[in-house]
Amino acid sequence: MLDACAELVDEVGYEGLTTTLLAERAEVAIGSVYQFFPDKRAIVQALTLRTMESYLQRLDQRFASDDLTHWWDGVDAGIDEYITMHRTVPGFRTLHFGDVVDLHLLDERRDNNGVIADQLARVLTERFGLTNVPELRFHLEIAVEAADALIKLAFRRRPEGDERVLVEAKALIREYLHRQVDGRVEMPQPR
């Protein structure tokens with residue numbers, strides 16, 4: 001049912017998705033849909049959670065390789081996987097990590113990009129030993145928001161993603177995080 005949901009979301013968007021369409025596409029009785037999901041939001045939430053798990057598994061595989069020698073390589077891998085999912089994972093280009101449906105689809109206390117930033121902070125601290133996790137999470141949340149907006153722009157411009165925008169997005173995120181993580185200069189705190 002989740003695969004059928006992903007296909008339909010690509011075809012008709014979230015607003016056009018109905019449980020009836022889903023049942024037809026999945027070739028199941030409508031009662032079977034409601035046996036597992038009370039409404040289309042719950043179906044999309046399950047799809048989004050599956051996508052999030054897939055994203056994190058893909059990152060774990062990339063992080064397990066010896067190709068990543070610096071924390072930036074990890075950030076680059078995170079951006080590359082996000083772009084690859086836009087290109088290859090049914091439903092992802094429309095739903096992303098659920099923000100189309102609900103900014104708190106993944107966690108009722110944190111917005112979806114905050115959850116992604118938390119997960120990136122976890123893998124970066126585990127793999128590269130980065131410290132000051134609260135500050136890292138804060139800066140990653142800003143980076144995720146900026147990257148998300150720019151990657152969406154790239155895919156609005158071209159179905160395969162405007163490579164020029166994607167290159168600029170990576171450069172912007174890299175420079176911002178480099179300044180925050182490697183080049184931290186003590187700035188006076190606002191009073």
# chains A, B, ... in the order shown; residues from 1 in each chain; ligands from 1
$ select_by_dssp --residues "range 58-148 of chain A" --states "helix (DSSP H, G or I)" --output "PyMOL selection string"
chain A and resi 58-64+71-88+92-95+112-128+133-148
$ closest_residue --among "A:Glu175, A:Glu141, A:Asp182, A:Asp80" --to "Arg58 in chain A" --atoms "only C-alpha atoms"
A:Asp80
$ residues_around --residues "Ala146 in chain A" --least-positions-apart "3" --cutoff "12 Å" --atoms "only C-alpha atoms" --output "list in words"
Ile79, Asn113, Ala117, His139, Leu140, Glu141, Ile142, Ala143, Ala149, Leu150, Ile151, Lys152, Leu153, Leu166, Glu168, Ala169, Lys170, Ala171, Leu172, Ile173, Arg174, Tyr176 and Leu177 of chain A
$ residues_around --residues "Tyr14 in chain A" --least-positions-apart "3" --cutoff "10 Å" --atoms "only C-alpha atoms" --output "ChimeraX atom specification"
/A:5-6,8-11,17-18,40-41,44,91,94-95,100-101
$ residues_around --residues "Ile83 in chain A" --least-positions-apart "3" --cutoff "12 Å" --atoms "only C-alpha atoms" --output "VMD selection string"
chain A and resid 55 76 to 80 86 to 89 92 to 93 96 147 to 148 150 to 155 159 to 163 165 to 167 169 to 170
$ closest_residue --among "A:Leu56, A:Pro90, A:Phe36, A:Ala64" --to "Asp118 in chain A" --atoms "only C-alpha atoms"
A:Leu56
$ atom_distance --atom1 "CA of Leu130 in chain A" --atom2 "CA of Val144 in chain A"
17.4 Å
$ residues_around --residues "Val115 in chain A" --least-positions-apart "4" --cutoff "12 Å" --atoms "only C-alpha atoms" --output "PDB file with N, CA, C and O atoms, in the first residue's frame"
ATOM      1  N   LEU A  49       7.782   8.076   7.225  1.00  0.00           N
ATOM      2  CA  LEU A  49       8.662   7.405   8.188  1.00  0.00           C
ATOM      3  C   LEU A  49       9.528   6.354   7.494  1.00  0.00           C
ATOM      4  O   LEU A  49      10.713   6.217   7.797  1.00  0.00           O
ATOM      5  N   MET A  52      12.201   8.239   5.701  1.00  0.00           N
ATOM      6  CA  MET A  52      13.199   8.721   6.661  1.00  0.00           C
ATOM      7  C   MET A  52      14.143   7.583   7.052  1.00  0.00           C
ATOM      8  O   MET A  52      15.365   7.765   7.099  1.00  0.00           O
ATOM      9  N   GLU A  53      13.589   6.412   7.331  1.00  0.00           N
ATOM     10  CA  GLU A  53      14.422   5.260   7.683  1.00  0.00           C
ATOM     11  C   GLU A  53      15.353   4.895   6.533  1.00  0.00           C
ATOM     12  O   GLU A  53      16.527   4.594   6.740  1.00  0.00           O
ATOM     13  N   LEU A  56      18.186   7.432   6.387  1.00  0.00           N
ATOM     14  CA  LEU A  56      19.176   7.195   7.442  1.00  0.00           C
ATOM     15  C   LEU A  56      19.998   5.939   7.172  1.00  0.00           C
ATOM     16  O   LEU A  56      21.206   5.911   7.442  1.00  0.00           O
ATOM     17  N   PHE A  97      10.133  15.063   3.631  1.00  0.00           N
ATOM     18  CA  PHE A  97      10.020  14.362   4.906  1.00  0.00           C
ATOM     19  C   PHE A  97       8.726  14.754   5.606  1.00  0.00           C
ATOM     20  O   PHE A  97       8.680  14.910   6.821  1.00  0.00           O
ATOM     21  N   GLY A  98       7.661  14.937   4.839  1.00  0.00           N
ATOM     22  CA  GLY A  98       6.337  15.152   5.406  1.00  0.00           C
ATOM     23  C   GLY A  98       5.892  16.578   5.549  1.00  0.00           C
ATOM     24  O   GLY A  98       4.777  16.837   5.983  1.00  0.00           O
ATOM     25  N   ASP A  99       6.734  17.552   5.188  1.00  0.00           N
ATOM     26  CA  ASP A  99       6.378  18.948   5.412  1.00  0.00           C
ATOM     27  C   ASP A  99       5.167  19.390   4.600  1.00  0.00           C
ATOM     28  O   ASP A  99       4.475  20.321   4.980  1.00  0.00           O
ATOM     29  N   LEU A 103       4.158  19.976   9.312  1.00  0.00           N
ATOM     30  CA  LEU A 103       5.537  20.272   9.702  1.00  0.00           C
ATOM     31  C   LEU A 103       6.001  19.442  10.892  1.00  0.00           C
ATOM     32  O   LEU A 103       7.192  19.364  11.168  1.00  0.00           O
ATOM     33  N   HIS A 104       5.058  18.820  11.582  1.00  0.00           N
ATOM     34  CA  HIS A 104       5.387  17.981  12.746  1.00  0.00           C
ATOM     35  C   HIS A 104       4.988  16.529  12.504  1.00  0.00           C
ATOM     36  O   HIS A 104       4.622  15.819  13.433  1.00  0.00           O
ATOM     37  N   LEU A 105       5.077  16.084  11.267  1.00  0.00           N
ATOM     38  CA  LEU A 105       4.656  14.733  10.920  1.00  0.00           C
ATOM     39  C   LEU A 105       5.554  13.674  11.541  1.00  0.00           C
ATOM     40  O   LEU A 105       5.084  12.631  11.961  1.00  0.00           O
ATOM     41  N   LEU A 106       6.847  13.934  11.633  1.00  0.00           N
ATOM     42  CA  LEU A 106       7.790  12.962  12.171  1.00  0.00           C
ATOM     43  C   LEU A 106       7.853  12.970  13.697  1.00  0.00           C
ATOM     44  O   LEU A 106       8.150  11.959  14.316  1.00  0.00           O
ATOM     45  N   ASP A 107       7.596  14.121  14.294  1.00  0.00           N
ATOM     46  CA  ASP A 107       7.686  14.272  15.740  1.00  0.00           C
ATOM     47  C   ASP A 107       6.781  15.435  16.145  1.00  0.00           C
ATOM     48  O   ASP A 107       6.946  16.546  15.624  1.00  0.00           O
ATOM     49  N   GLU A 108       5.876  15.210  17.056  1.00  0.00           N
ATOM     50  CA  GLU A 108       4.913  16.267  17.405  1.00  0.00           C
ATOM     51  C   GLU A 108       5.549  17.466  18.110  1.00  0.00           C
ATOM     52  O   GLU A 108       4.987  18.548  18.131  1.00  0.00           O
ATOM     53  N   ARG A 109       6.748  17.291  18.674  1.00  0.00           N
ATOM     54  CA  ARG A 109       7.405  18.392  19.388  1.00  0.00           C
ATOM     55  C   ARG A 109       8.388  19.173  18.519  1.00  0.00           C
ATOM     56  O   ARG A 109       8.736  20.299  18.850  1.00  0.00           O
ATOM     57  N   ARG A 110       8.880  18.550  17.453  1.00  0.00           N
ATOM     58  CA  ARG A 110       9.901  19.183  16.599  1.00  0.00           C
ATOM     59  C   ARG A 110       9.422  19.177  15.162  1.00  0.00           C
ATOM     60  O   ARG A 110       8.743  18.257  14.740  1.00  0.00           O
ATOM     61  N   ASP A 111       9.822  20.190  14.404  1.00  0.00           N
ATOM     62  CA  ASP A 111       9.444  20.154  12.997  1.00  0.00           C
ATOM     63  C   ASP A 111      10.302  19.125  12.261  1.00  0.00           C
ATOM     64  O   ASP A 111      11.335  18.672  12.766  1.00  0.00           O
ATOM     65  N   GLN A 119      19.187  13.917  13.512  1.00  0.00           N
ATOM     66  CA  GLN A 119      19.770  12.665  13.024  1.00  0.00           C
ATOM     67  C   GLN A 119      21.142  12.914  12.394  1.00  0.00           C
ATOM     68  O   GLN A 119      22.071  12.131  12.602  1.00  0.00           O
ATOM     69  N   LEU A 120      21.271  13.994  11.651  1.00  0.00           N
ATOM     70  CA  LEU A 120      22.578  14.327  11.076  1.00  0.00           C
ATOM     71  C   LEU A 120      23.590  14.631  12.174  1.00  0.00           C
ATOM     72  O   LEU A 120      24.746  14.208  12.092  1.00  0.00           O
ATOM     73  N   ALA A 121      23.169  15.345  13.213  1.00  0.00           N
ATOM     74  CA  ALA A 121      24.067  15.625  14.334  1.00  0.00           C
ATOM     75  C   ALA A 121      24.523  14.323  14.986  1.00  0.00           C
ATOM     76  O   ALA A 121      25.711  14.169  15.316  1.00  0.00           O
ATOM     77  N   ARG A 122      23.605  13.398  15.137  1.00  0.00           N
ATOM     78  CA  ARG A 122      23.947  12.091  15.731  1.00  0.00           C
ATOM     79  C   ARG A 122      25.017  11.386  14.915  1.00  0.00           C
ATOM     80  O   ARG A 122      26.050  10.972  15.452  1.00  0.00           O
ATOM     81  N   ARG A 137      23.603  20.935  16.526  1.00  0.00           N
ATOM     82  CA  ARG A 137      22.211  20.729  16.106  1.00  0.00           C
ATOM     83  C   ARG A 137      21.583  22.036  15.614  1.00  0.00           C
ATOM     84  O   ARG A 137      20.876  22.047  14.618  1.00  0.00           O
ATOM     85  N   PHE A 138      21.837  23.110  16.335  1.00  0.00           N
ATOM     86  CA  PHE A 138      21.303  24.418  15.936  1.00  0.00           C
ATOM     87  C   PHE A 138      21.777  24.795  14.532  1.00  0.00           C
ATOM     88  O   PHE A 138      20.985  25.161  13.667  1.00  0.00           O
ATOM     89  N   LEU A 140      23.082  22.834  12.231  1.00  0.00           N
ATOM     90  CA  LEU A 140      22.594  21.879  11.243  1.00  0.00           C
ATOM     91  C   LEU A 140      21.132  22.142  10.894  1.00  0.00           C
ATOM     92  O   LEU A 140      20.733  21.957   9.746  1.00  0.00           O
ATOM     93  N   GLU A 141      20.357  22.584  11.859  1.00  0.00           N
ATOM     94  CA  GLU A 141      18.956  22.890  11.568  1.00  0.00           C
ATOM     95  C   GLU A 141      18.856  24.049  10.572  1.00  0.00           C
ATOM     96  O   GLU A 141      18.060  24.009   9.631  1.00  0.00           O
ATOM     97  N   VAL A 144      19.978  22.589   7.196  1.00  0.00           N
ATOM     98  CA  VAL A 144      18.952  21.726   6.601  1.00  0.00           C
ATOM     99  C   VAL A 144      17.840  22.568   5.993  1.00  0.00           C
ATOM    100  O   VAL A 144      17.381  22.299   4.882  1.00  0.00           O
ATOM    101  N   GLU A 145      17.410  23.605   6.702  1.00  0.00           N
ATOM    102  CA  GLU A 145      16.358  24.489   6.163  1.00  0.00           C
ATOM    103  C   GLU A 145      16.808  25.146   4.863  1.00  0.00           C
ATOM    104  O   GLU A 145      16.056  25.192   3.888  1.00  0.00           O
TER     105      GLU A 145
END
